[in-house]
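Colleague: Please find protein.cif (mmCIF, N, CA and C atoms) on the next line:
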data_run
loop_
_atom_site.label_atom_id
_atom_site.label_comp_id
_atom_site.auth_asym_id
_atom_site.auth_seq_id
_atom_site.Cartn_x
_atom_site.Cartn_y
_atom_site.Cartn_z
N MET A 1 0.85 -1.17 0.00
CA MET A 1 0.00 0.00 0.00
C MET A 1 0.90 1.23 0.00
N SER A 2 0.58 2.19 -0.86
CA SER A 2 1.39 3.40 -0.93
C SER A 2 1.06 4.33 0.25
N ARG A 3 1.97 5.28 0.50
CA ARG A 3 1.77 6.23 1.60
C ARG A 3 0.53 7.09 1.37
N VAL A 4 0.24 7.44 0.12
CA VAL A 4 -0.93 8.27 -0.17
C VAL A 4 -2.20 7.51 0.17
N ASN A 5 -2.29 6.24 -0.28
CA ASN A 5 -3.47 5.44 0.01
C ASN A 5 -3.62 5.23 1.51
N GLN A 6 -2.52 4.99 2.20
CA GLN A 6 -2.55 4.77 3.64
C GLN A 6 -3.07 6.03 4.36
N ALA A 7 -2.59 7.20 3.96
CA ALA A 7 -3.03 8.45 4.57
C ALA A 7 -4.51 8.69 4.30
N THR A 8 -4.95 8.39 3.07
CA THR A 8 -6.36 8.58 2.72
C THR A 8 -7.24 7.67 3.54
N GLU A 9 -6.84 6.39 3.69
CA GLU A 9 -7.63 5.46 4.49
C GLU A 9 -7.69 5.90 5.95
N THR A 10 -6.57 6.34 6.49
CA THR A 10 -6.55 6.79 7.88
C THR A 10 -7.45 8.00 8.06
N SER A 11 -7.40 8.92 7.10
CA SER A 11 -8.23 10.12 7.18
C SER A 11 -9.71 9.76 7.10
N SER A 12 -10.09 8.86 6.21
CA SER A 12 -11.50 8.50 6.08
C SER A 12 -11.98 7.70 7.28
N GLU A 13 -11.10 6.90 7.89
CA GLU A 13 -11.47 6.18 9.10
C GLU A 13 -11.74 7.15 10.24
N ALA A 14 -10.93 8.17 10.37
CA ALA A 14 -11.11 9.17 11.43
C ALA A 14 -12.41 9.92 11.22
N THR A 15 -12.75 10.21 9.95
CA THR A 15 -13.97 10.93 9.65
C THR A 15 -15.19 10.10 10.01
N THR A 16 -15.18 8.81 9.69
CA THR A 16 -16.34 7.98 9.97
C THR A 16 -16.46 7.63 11.44
N SER A 17 -15.33 7.56 12.18
CA SER A 17 -15.42 7.21 13.58
C SER A 17 -15.90 8.39 14.43
N GLU A 18 -15.69 9.60 13.97
CA GLU A 18 -16.16 10.80 14.67
C GLU A 18 -17.40 11.30 13.95
N SER A 19 -18.58 10.77 14.30
CA SER A 19 -19.78 11.16 13.58
C SER A 19 -20.42 12.43 14.12
N GLN A 20 -20.07 12.81 15.34
CA GLN A 20 -20.69 13.99 15.92
C GLN A 20 -19.64 14.81 16.66
N PHE A 21 -19.71 16.13 16.49
CA PHE A 21 -18.80 17.03 17.18
C PHE A 21 -19.25 17.16 18.63
N SER A 22 -18.33 17.05 19.55
CA SER A 22 -18.68 17.28 20.94
C SER A 22 -17.75 18.34 21.51
N SER A 23 -18.29 19.15 22.39
CA SER A 23 -17.55 20.27 22.94
C SER A 23 -17.61 20.22 24.45
N VAL A 24 -16.55 20.70 25.08
CA VAL A 24 -16.53 20.76 26.53
C VAL A 24 -17.03 22.11 27.04
N ALA A 25 -17.32 23.02 26.13
CA ALA A 25 -17.80 24.35 26.50
C ALA A 25 -19.28 24.29 26.88
N ALA A 26 -19.71 25.26 27.67
CA ALA A 26 -21.12 25.35 28.04
C ALA A 26 -21.93 25.70 26.79
N PRO A 27 -23.11 25.10 26.64
CA PRO A 27 -23.94 25.39 25.47
C PRO A 27 -24.37 26.86 25.43
N LEU A 28 -24.59 27.37 24.23
CA LEU A 28 -25.13 28.71 24.09
C LEU A 28 -26.48 28.74 24.80
N GLY A 29 -26.70 29.76 25.56
CA GLY A 29 -27.97 29.88 26.28
C GLY A 29 -27.97 29.27 27.65
N SER A 30 -26.85 28.71 28.08
CA SER A 30 -26.82 28.07 29.40
C SER A 30 -26.97 29.07 30.53
N SER A 31 -26.66 30.34 30.28
CA SER A 31 -26.80 31.35 31.33
C SER A 31 -28.13 32.10 31.24
N VAL A 32 -28.99 31.71 30.32
CA VAL A 32 -30.28 32.37 30.14
C VAL A 32 -31.30 31.73 31.08
N SER A 33 -32.10 32.56 31.74
CA SER A 33 -33.08 32.05 32.70
C SER A 33 -34.14 31.20 32.00
N ALA A 34 -34.75 30.31 32.77
CA ALA A 34 -35.81 29.45 32.25
C ALA A 34 -36.99 30.29 31.76
N LYS A 35 -37.26 31.40 32.43
CA LYS A 35 -38.37 32.28 32.05
C LYS A 35 -38.15 32.84 30.64
N ILE A 36 -36.94 33.31 30.37
CA ILE A 36 -36.63 33.85 29.04
C ILE A 36 -36.65 32.73 28.00
N LYS A 37 -36.09 31.57 28.33
CA LYS A 37 -36.11 30.44 27.39
C LYS A 37 -37.54 30.05 27.03
N ASN A 38 -38.42 30.02 28.02
CA ASN A 38 -39.82 29.67 27.75
C ASN A 38 -40.50 30.70 26.85
N LYS A 39 -40.15 31.98 27.01
CA LYS A 39 -40.70 33.01 26.13
C LYS A 39 -40.21 32.79 24.69
N ILE A 40 -38.94 32.47 24.55
CA ILE A 40 -38.38 32.22 23.20
C ILE A 40 -39.09 31.03 22.56
N ARG A 41 -39.19 29.94 23.30
CA ARG A 41 -39.83 28.72 22.77
C ARG A 41 -41.31 28.93 22.50
N GLY A 42 -41.92 29.87 23.23
CA GLY A 42 -43.34 30.15 23.05
C GLY A 42 -43.62 31.25 22.04
N ASN A 43 -42.60 31.66 21.29
CA ASN A 43 -42.73 32.71 20.27
C ASN A 43 -43.19 34.05 20.85
N GLU A 44 -42.76 34.34 22.08
CA GLU A 44 -43.08 35.61 22.70
C GLU A 44 -41.92 36.58 22.50
N PHE A 45 -42.23 37.88 22.55
CA PHE A 45 -41.21 38.91 22.36
C PHE A 45 -40.26 38.93 23.56
N ILE A 46 -38.97 39.06 23.27
CA ILE A 46 -37.96 39.31 24.30
C ILE A 46 -37.01 40.37 23.79
N GLU A 47 -36.37 41.06 24.69
CA GLU A 47 -35.31 41.99 24.32
C GLU A 47 -34.05 41.15 24.06
N LEU A 48 -33.50 41.22 22.87
CA LEU A 48 -32.30 40.44 22.56
C LEU A 48 -31.15 40.78 23.49
N GLY A 49 -31.10 42.01 23.97
CA GLY A 49 -30.03 42.42 24.88
C GLY A 49 -29.98 41.59 26.16
N LEU A 50 -31.13 41.01 26.56
CA LEU A 50 -31.15 40.16 27.75
C LEU A 50 -30.36 38.88 27.56
N LEU A 51 -30.07 38.53 26.31
CA LEU A 51 -29.34 37.30 26.03
C LEU A 51 -27.83 37.48 26.08
N LEU A 52 -27.40 38.72 26.17
CA LEU A 52 -25.96 39.00 26.24
C LEU A 52 -25.51 38.92 27.69
N ASN A 53 -24.48 38.17 27.91
CA ASN A 53 -23.98 37.96 29.26
C ASN A 53 -22.68 38.73 29.42
N VAL A 54 -22.78 40.07 29.46
CA VAL A 54 -21.57 40.88 29.49
C VAL A 54 -21.42 41.71 30.77
N GLN A 55 -22.42 41.73 31.61
CA GLN A 55 -22.31 42.49 32.84
C GLN A 55 -22.88 41.70 34.00
N PRO A 56 -22.36 41.91 35.20
CA PRO A 56 -22.89 41.18 36.35
C PRO A 56 -24.32 41.62 36.64
N PRO A 57 -25.10 40.75 37.27
CA PRO A 57 -26.47 41.12 37.58
C PRO A 57 -26.51 42.31 38.54
N ASP A 58 -27.53 43.11 38.38
CA ASP A 58 -27.72 44.28 39.23
C ASP A 58 -28.09 43.79 40.63
N GLU A 59 -27.51 44.38 41.63
CA GLU A 59 -27.77 43.97 43.01
C GLU A 59 -28.91 44.75 43.65
N SER A 60 -29.69 45.48 42.85
CA SER A 60 -30.80 46.22 43.42
C SER A 60 -32.11 45.46 43.18
N TYR A 61 -33.09 45.76 44.01
CA TYR A 61 -34.36 45.05 43.96
C TYR A 61 -35.51 46.04 43.95
N SER A 62 -36.64 45.59 43.44
CA SER A 62 -37.88 46.37 43.48
C SER A 62 -38.90 45.60 44.30
N PHE A 63 -39.84 46.33 44.84
CA PHE A 63 -40.92 45.71 45.59
C PHE A 63 -42.19 45.80 44.76
N LYS A 64 -42.96 44.73 44.77
CA LYS A 64 -44.20 44.69 43.99
C LYS A 64 -45.31 44.15 44.88
N LEU A 65 -46.41 44.89 44.94
CA LEU A 65 -47.57 44.45 45.70
C LEU A 65 -48.42 43.58 44.79
N GLN A 66 -48.66 42.35 45.21
CA GLN A 66 -49.41 41.41 44.38
C GLN A 66 -50.70 41.03 45.10
N ASN A 67 -51.74 40.80 44.32
CA ASN A 67 -53.02 40.40 44.86
C ASN A 67 -53.34 39.01 44.33
N SER A 68 -53.30 38.03 45.24
CA SER A 68 -53.53 36.66 44.81
C SER A 68 -54.59 36.04 45.71
N GLU A 69 -55.68 35.64 45.10
CA GLU A 69 -56.82 35.01 45.80
C GLU A 69 -57.30 35.88 46.95
N GLY A 70 -57.41 37.16 46.70
CA GLY A 70 -57.92 38.08 47.70
C GLY A 70 -56.94 38.44 48.81
N GLN A 71 -55.74 37.92 48.71
CA GLN A 71 -54.73 38.21 49.73
C GLN A 71 -53.59 38.99 49.09
N LYS A 72 -53.20 40.08 49.75
CA LYS A 72 -52.12 40.90 49.21
C LYS A 72 -50.80 40.43 49.79
N THR A 73 -49.81 40.34 48.89
CA THR A 73 -48.46 39.95 49.30
C THR A 73 -47.46 40.93 48.70
N LEU A 74 -46.34 41.04 49.36
CA LEU A 74 -45.26 41.90 48.89
C LEU A 74 -44.16 41.01 48.34
N ALA A 75 -43.82 41.24 47.06
CA ALA A 75 -42.77 40.44 46.42
C ALA A 75 -41.53 41.29 46.21
N ILE A 76 -40.38 40.68 46.41
CA ILE A 76 -39.10 41.34 46.14
C ILE A 76 -38.59 40.79 44.82
N ILE A 77 -38.39 41.68 43.86
CA ILE A 77 -38.01 41.26 42.51
C ILE A 77 -36.67 41.89 42.15
N PRO A 78 -35.68 41.08 41.72
CA PRO A 78 -34.39 41.67 41.32
C PRO A 78 -34.54 42.51 40.06
N ASN A 79 -33.89 43.65 40.04
CA ASN A 79 -33.89 44.50 38.85
C ASN A 79 -32.95 43.91 37.81
N GLN A 80 -33.37 43.99 36.55
CA GLN A 80 -32.53 43.54 35.45
C GLN A 80 -32.15 44.76 34.62
N LYS A 81 -30.87 44.92 34.40
CA LYS A 81 -30.43 45.99 33.52
C LYS A 81 -30.59 45.52 32.08
N LYS A 82 -31.17 46.37 31.26
CA LYS A 82 -31.27 46.05 29.84
C LYS A 82 -29.99 46.50 29.16
N LEU A 83 -29.47 45.65 28.34
CA LEU A 83 -28.30 46.01 27.55
C LEU A 83 -28.79 46.35 26.15
N TRP A 84 -28.56 47.57 25.74
CA TRP A 84 -28.97 47.99 24.41
C TRP A 84 -27.92 47.53 23.41
N ILE A 85 -28.37 46.88 22.38
CA ILE A 85 -27.48 46.40 21.33
C ILE A 85 -27.12 47.58 20.45
N SER A 86 -25.82 47.84 20.35
CA SER A 86 -25.39 49.03 19.63
C SER A 86 -24.53 48.73 18.40
N ASN A 87 -24.25 47.45 18.14
CA ASN A 87 -23.46 47.12 16.94
C ASN A 87 -23.81 45.71 16.46
N ILE A 88 -23.36 45.41 15.26
CA ILE A 88 -23.72 44.13 14.65
C ILE A 88 -23.09 42.94 15.38
N GLU A 89 -21.95 43.14 16.00
CA GLU A 89 -21.31 42.05 16.75
C GLU A 89 -22.17 41.64 17.95
N GLN A 90 -22.68 42.63 18.68
CA GLN A 90 -23.55 42.33 19.82
C GLN A 90 -24.84 41.67 19.34
N TRP A 91 -25.41 42.19 18.23
CA TRP A 91 -26.64 41.60 17.71
C TRP A 91 -26.41 40.15 17.31
N THR A 92 -25.29 39.89 16.63
CA THR A 92 -24.98 38.52 16.20
C THR A 92 -24.84 37.59 17.40
N SER A 93 -24.13 38.03 18.43
CA SER A 93 -23.96 37.21 19.63
C SER A 93 -25.31 36.89 20.27
N ALA A 94 -26.15 37.90 20.42
CA ALA A 94 -27.47 37.69 21.02
C ALA A 94 -28.33 36.79 20.15
N PHE A 95 -28.28 37.00 18.83
CA PHE A 95 -29.11 36.20 17.93
C PHE A 95 -28.67 34.74 17.92
N LEU A 96 -27.38 34.49 18.02
CA LEU A 96 -26.90 33.10 18.08
C LEU A 96 -27.43 32.39 19.33
N VAL A 97 -27.47 33.09 20.45
CA VAL A 97 -28.03 32.50 21.68
C VAL A 97 -29.52 32.25 21.47
N PHE A 98 -30.22 33.24 20.91
CA PHE A 98 -31.65 33.08 20.61
C PHE A 98 -31.88 31.86 19.73
N ALA A 99 -31.12 31.75 18.64
CA ALA A 99 -31.29 30.65 17.69
C ALA A 99 -31.01 29.30 18.35
N ALA A 100 -29.98 29.24 19.18
CA ALA A 100 -29.66 27.97 19.86
C ALA A 100 -30.82 27.51 20.73
N ILE A 101 -31.44 28.44 21.44
CA ILE A 101 -32.58 28.09 22.31
C ILE A 101 -33.80 27.74 21.47
N TYR A 102 -34.10 28.56 20.48
CA TYR A 102 -35.29 28.35 19.64
C TYR A 102 -35.20 27.03 18.87
N CYS A 103 -34.01 26.71 18.37
CA CYS A 103 -33.85 25.51 17.55
C CYS A 103 -33.86 24.22 18.35
N GLU A 104 -33.75 24.31 19.68
CA GLU A 104 -33.93 23.11 20.49
C GLU A 104 -35.36 22.60 20.33
N LYS A 105 -36.32 23.52 20.21
CA LYS A 105 -37.73 23.18 20.05
C LYS A 105 -38.08 22.96 18.58
N SER A 106 -37.51 23.77 17.71
CA SER A 106 -37.87 23.74 16.28
C SER A 106 -36.62 23.63 15.41
N PRO A 107 -35.97 22.46 15.39
CA PRO A 107 -34.73 22.34 14.61
C PRO A 107 -34.91 22.58 13.12
N SER A 108 -36.09 22.37 12.60
CA SER A 108 -36.31 22.57 11.16
C SER A 108 -36.24 24.05 10.78
N GLU A 109 -36.31 24.95 11.76
CA GLU A 109 -36.23 26.39 11.49
C GLU A 109 -34.80 26.90 11.39
N THR A 110 -33.81 26.06 11.68
CA THR A 110 -32.41 26.49 11.69
C THR A 110 -31.98 27.15 10.38
N PRO A 111 -32.23 26.55 9.22
CA PRO A 111 -31.79 27.22 7.98
C PRO A 111 -32.41 28.60 7.79
N SER A 112 -33.67 28.77 8.14
CA SER A 112 -34.32 30.08 8.00
C SER A 112 -33.70 31.11 8.93
N LEU A 113 -33.39 30.72 10.16
CA LEU A 113 -32.76 31.64 11.11
C LEU A 113 -31.36 32.03 10.65
N MET A 114 -30.61 31.07 10.12
CA MET A 114 -29.26 31.38 9.63
C MET A 114 -29.32 32.32 8.43
N LYS A 115 -30.30 32.12 7.55
CA LYS A 115 -30.47 33.01 6.40
C LYS A 115 -30.83 34.41 6.87
N TYR A 116 -31.71 34.52 7.86
CA TYR A 116 -32.09 35.82 8.41
C TYR A 116 -30.86 36.52 9.00
N MET A 117 -30.04 35.78 9.74
CA MET A 117 -28.84 36.36 10.32
C MET A 117 -27.89 36.83 9.21
N PHE A 118 -27.76 36.06 8.16
CA PHE A 118 -26.91 36.43 7.03
C PHE A 118 -27.37 37.76 6.43
N ILE A 119 -28.68 37.89 6.22
CA ILE A 119 -29.23 39.11 5.62
C ILE A 119 -28.97 40.32 6.53
N VAL A 120 -29.22 40.17 7.82
CA VAL A 120 -29.02 41.28 8.75
C VAL A 120 -27.55 41.68 8.79
N ARG A 121 -26.65 40.70 8.80
CA ARG A 121 -25.22 41.02 8.81
C ARG A 121 -24.79 41.73 7.52
N GLU A 122 -25.33 41.29 6.40
CA GLU A 122 -25.05 41.96 5.13
C GLU A 122 -25.50 43.41 5.17
N LEU A 123 -26.71 43.64 5.63
CA LEU A 123 -27.24 45.00 5.73
C LEU A 123 -26.40 45.83 6.70
N GLY A 124 -26.00 45.22 7.80
CA GLY A 124 -25.16 45.91 8.78
C GLY A 124 -23.80 46.32 8.23
N SER A 125 -23.24 45.47 7.39
CA SER A 125 -21.93 45.79 6.82
C SER A 125 -22.02 46.91 5.79
N ARG A 126 -23.16 47.07 5.18
CA ARG A 126 -23.35 48.14 4.20
C ARG A 126 -23.54 49.51 4.84
N SER A 127 -24.08 49.52 6.05
CA SER A 127 -24.37 50.82 6.68
C SER A 127 -23.16 51.40 7.38
N GLY A 128 -22.16 50.59 7.66
CA GLY A 128 -20.95 51.07 8.32
C GLY A 128 -21.06 51.15 9.82
N ASN A 129 -22.14 50.65 10.42
CA ASN A 129 -22.30 50.67 11.88
C ASN A 129 -21.83 49.39 12.49
#
Mind turning this structure into structure tokens?

Modeller:
Amino acid sequence: MSRVNQATETSSEATTSESQFSSVAAPLGSSVSAKIKNKIRGNEFIELGLLLNVQPPDESYSFKLQNSEGQKTLAIIPNQKKLWISNIEQWTSAFLVFAAIYCEKSPSETPSLMKYMFIVRELGSRSGN
């Protein structure tokens, strides 16, 4: 067997033995709350900026008076800072997290989401922002 054939066989064996890519990194969306994930999966509106994990959570809280079954309760709710997306890189990062979460429920939508991202990035590159 020649060296070229041997290298080709070794390469094709490696390709067939590794049928799926596996990563040791945390999946996209692993830091997103279950509440936000459920909104994404339920086709509800979310602020894409909430998907960016670039700042520590705000340590301030708000109080909310709730009325449940005729009984009033006081709830302490952590404040969330909204991150405004100001460039195409931030939008792309947020959209990739969105797509990863959405495609867990609807994998057949992946090509459409990737095409949408391609179009937005093309438009973004033309505007110079």

Colleague: What separation in Å, quoted to one decimal, exists between atom CA of A:Met114 and atom C of A:Leu96?

Modeller: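 Spanning atom CA of A:Met114 to atom C of A:Leu96 is a straight-line distance of 9.9 Å.
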
Colleague: Go ahead and compute the interatomic distance for atom N of A:Gly70 and atom C of A:Ala34, in Å to one decimal.

Modeller: 26.2 Å

Colleague: Might you spell out which residues the PyMOL selection byres ((chain A and resi 94) around 8) would select in the displayed file, as a list of chain:residue names?

Modeller: A:Leu48, A:Gly49, A:Leu50, A:Leu51, A:Leu52, A:Asn53, A:Ile88, A:Glu89, A:Gln90, A:Trp91, A:Thr92, A:Ser93, A:Phe95, A:Leu96, A:Val97, A:Phe98, A:Ala99, A:Ala100

Colleague: In Å, with one decimal, what is the gap from atom N of A:Pro107 to atom CA of A:Ile46?

Modeller: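 Calculated distance between atom N of A:Pro107 and atom CA of A:Ile46 is 19.2 Å.
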
Colleague: Evaluated on this file, the PyMOL selection byres (((chain A and resi 122-124 and name CA) around 12) and name CA) picks out some residues - which ones are they, written as number ranges by chain?

Modeller: A: 86-92, 115-121, 125-129

Colleague: Assign secondary structure with DSSP using the backbone only, and return the residues of stretch 20-110 of chain A in strand (DSSP E or B) as a list in words.

Modeller: Tyr61, Ser62, Phe63, Lys64, Leu65, Gln66, Asn67, Ser68, Gln71, Lys72, Thr73, Leu74, Ala75, Ile76, Ile77 and Pro78 of chain A

Colleague: From the DSSP assignment of the backbone, select every residue of stretch 61-107 of chain A that is alpha helix (DSSP H), and format the answer as a list in words.

Modeller: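 Those residues are Ile88, Glu89, Gln90, Trp91, Thr92, Ser93, Ala94, Phe95, Leu96, Val97, Phe98, Ala99, Ala100, Ile101, Tyr102, Cys103, Glu104 and Lys105 of chain A.
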
Colleague: Please produce a file of the residues just selected, as a PDB file, in the coordinates of the input, where the atoms kept are N, CA and C atoms.

Modeller:
ATOM      1  N   ILE A  88     -23.360  45.410  15.260  1.00  0.00           N
ATOM      2  CA  ILE A  88     -23.720  44.130  14.650  1.00  0.00           C
ATOM      3  C   ILE A  88     -23.090  42.940  15.380  1.00  0.00           C
ATOM      4  N   GLU A  89     -21.950  43.140  16.000  1.00  0.00           N
ATOM      5  CA  GLU A  89     -21.310  42.050  16.750  1.00  0.00           C
ATOM      6  C   GLU A  89     -22.170  41.640  17.950  1.00  0.00           C
ATOM      7  N   GLN A  90     -22.680  42.630  18.680  1.00  0.00           N
ATOM      8  CA  GLN A  90     -23.550  42.330  19.820  1.00  0.00           C
ATOM      9  C   GLN A  90     -24.840  41.670  19.340  1.00  0.00           C
ATOM     10  N   TRP A  91     -25.410  42.190  18.230  1.00  0.00           N
ATOM     11  CA  TRP A  91     -26.640  41.600  17.710  1.00  0.00           C
ATOM     12  C   TRP A  91     -26.410  40.150  17.310  1.00  0.00           C
ATOM     13  N   THR A  92     -25.290  39.890  16.630  1.00  0.00           N
ATOM     14  CA  THR A  92     -24.980  38.520  16.200  1.00  0.00           C
ATOM     15  C   THR A  92     -24.840  37.590  17.400  1.00  0.00           C
ATOM     16  N   SER A  93     -24.130  38.030  18.430  1.00  0.00           N
ATOM     17  CA  SER A  93     -23.960  37.210  19.630  1.00  0.00           C
ATOM     18  C   SER A  93     -25.310  36.890  20.270  1.00  0.00           C
ATOM     19  N   ALA A  94     -26.150  37.900  20.420  1.00  0.00           N
ATOM     20  CA  ALA A  94     -27.470  37.690  21.020  1.00  0.00           C
ATOM     21  C   ALA A  94     -28.330  36.790  20.150  1.00  0.00           C
ATOM     22  N   PHE A  95     -28.280  37.000  18.830  1.00  0.00           N
ATOM     23  CA  PHE A  95     -29.110  36.200  17.930  1.00  0.00           C
ATOM     24  C   PHE A  95     -28.670  34.740  17.920  1.00  0.00           C
ATOM     25  N   LEU A  96     -27.380  34.490  18.020  1.00  0.00           N
ATOM     26  CA  LEU A  96     -26.900  33.100  18.080  1.00  0.00           C
ATOM     27  C   LEU A  96     -27.430  32.390  19.330  1.00  0.00           C
ATOM     28  N   VAL A  97     -27.470  33.090  20.450  1.00  0.00           N
ATOM     29  CA  VAL A  97     -28.030  32.500  21.680  1.00  0.00           C
ATOM     30  C   VAL A  97     -29.520  32.250  21.470  1.00  0.00           C
ATOM     31  N   PHE A  98     -30.220  33.240  20.910  1.00  0.00           N
ATOM     32  CA  PHE A  98     -31.650  33.080  20.610  1.00  0.00           C
ATOM     33  C   PHE A  98     -31.880  31.860  19.730  1.00  0.00           C
ATOM     34  N   ALA A  99     -31.120  31.750  18.640  1.00  0.00           N
ATOM     35  CA  ALA A  99     -31.290  30.650  17.690  1.00  0.00           C
ATOM     36  C   ALA A  99     -31.010  29.300  18.350  1.00  0.00           C
ATOM     37  N   ALA A 100     -29.980  29.240  19.180  1.00  0.00           N
ATOM     38  CA  ALA A 100     -29.660  27.970  19.860  1.00  0.00           C
ATOM     39  C   ALA A 100     -30.820  27.510  20.730  1.00  0.00           C
ATOM     40  N   ILE A 101     -31.440  28.440  21.440  1.00  0.00           N
ATOM     41  CA  ILE A 101     -32.580  28.090  22.310  1.00  0.00           C
ATOM     42  C   ILE A 101     -33.800  27.740  21.470  1.00  0.00           C
ATOM     43  N   TYR A 102     -34.100  28.560  20.480  1.00  0.00           N
ATOM     44  CA  TYR A 102     -35.290  28.350  19.640  1.00  0.00           C
ATOM     45  C   TYR A 102     -35.200  27.030  18.870  1.00  0.00           C
ATOM     46  N   CYS A 103     -34.010  26.710  18.370  1.00  0.00           N
ATOM     47  CA  CYS A 103     -33.850  25.510  17.550  1.00  0.00           C
ATOM     48  C   CYS A 103     -33.860  24.220  18.350  1.00  0.00           C
ATOM     49  N   GLU A 104     -33.750  24.310  19.680  1.00  0.00           N
ATOM     50  CA  GLU A 104     -33.930  23.110  20.490  1.00  0.00           C
ATOM     51  C   GLU A 104     -35.360  22.600  20.330  1.00  0.00           C
ATOM     52  N   LYS A 105     -36.320  23.520  20.210  1.00  0.00           N
ATOM     53  CA  LYS A 105     -37.730  23.180  20.050  1.00  0.00           C
ATOM     54  C   LYS A 105     -38.080  22.960  18.580  1.00  0.00           C
TER      55      LYS A 105
END

Colleague: What's the 6 Å shell around stretch 59-63 of chain A, counting all atoms listed in the file, without same-chain residues fewer than 4 positions away, as a list in words?

Modeller: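 That gives Ala75, Ile76, Ile77, Pro78 and Asn79 of chain A.
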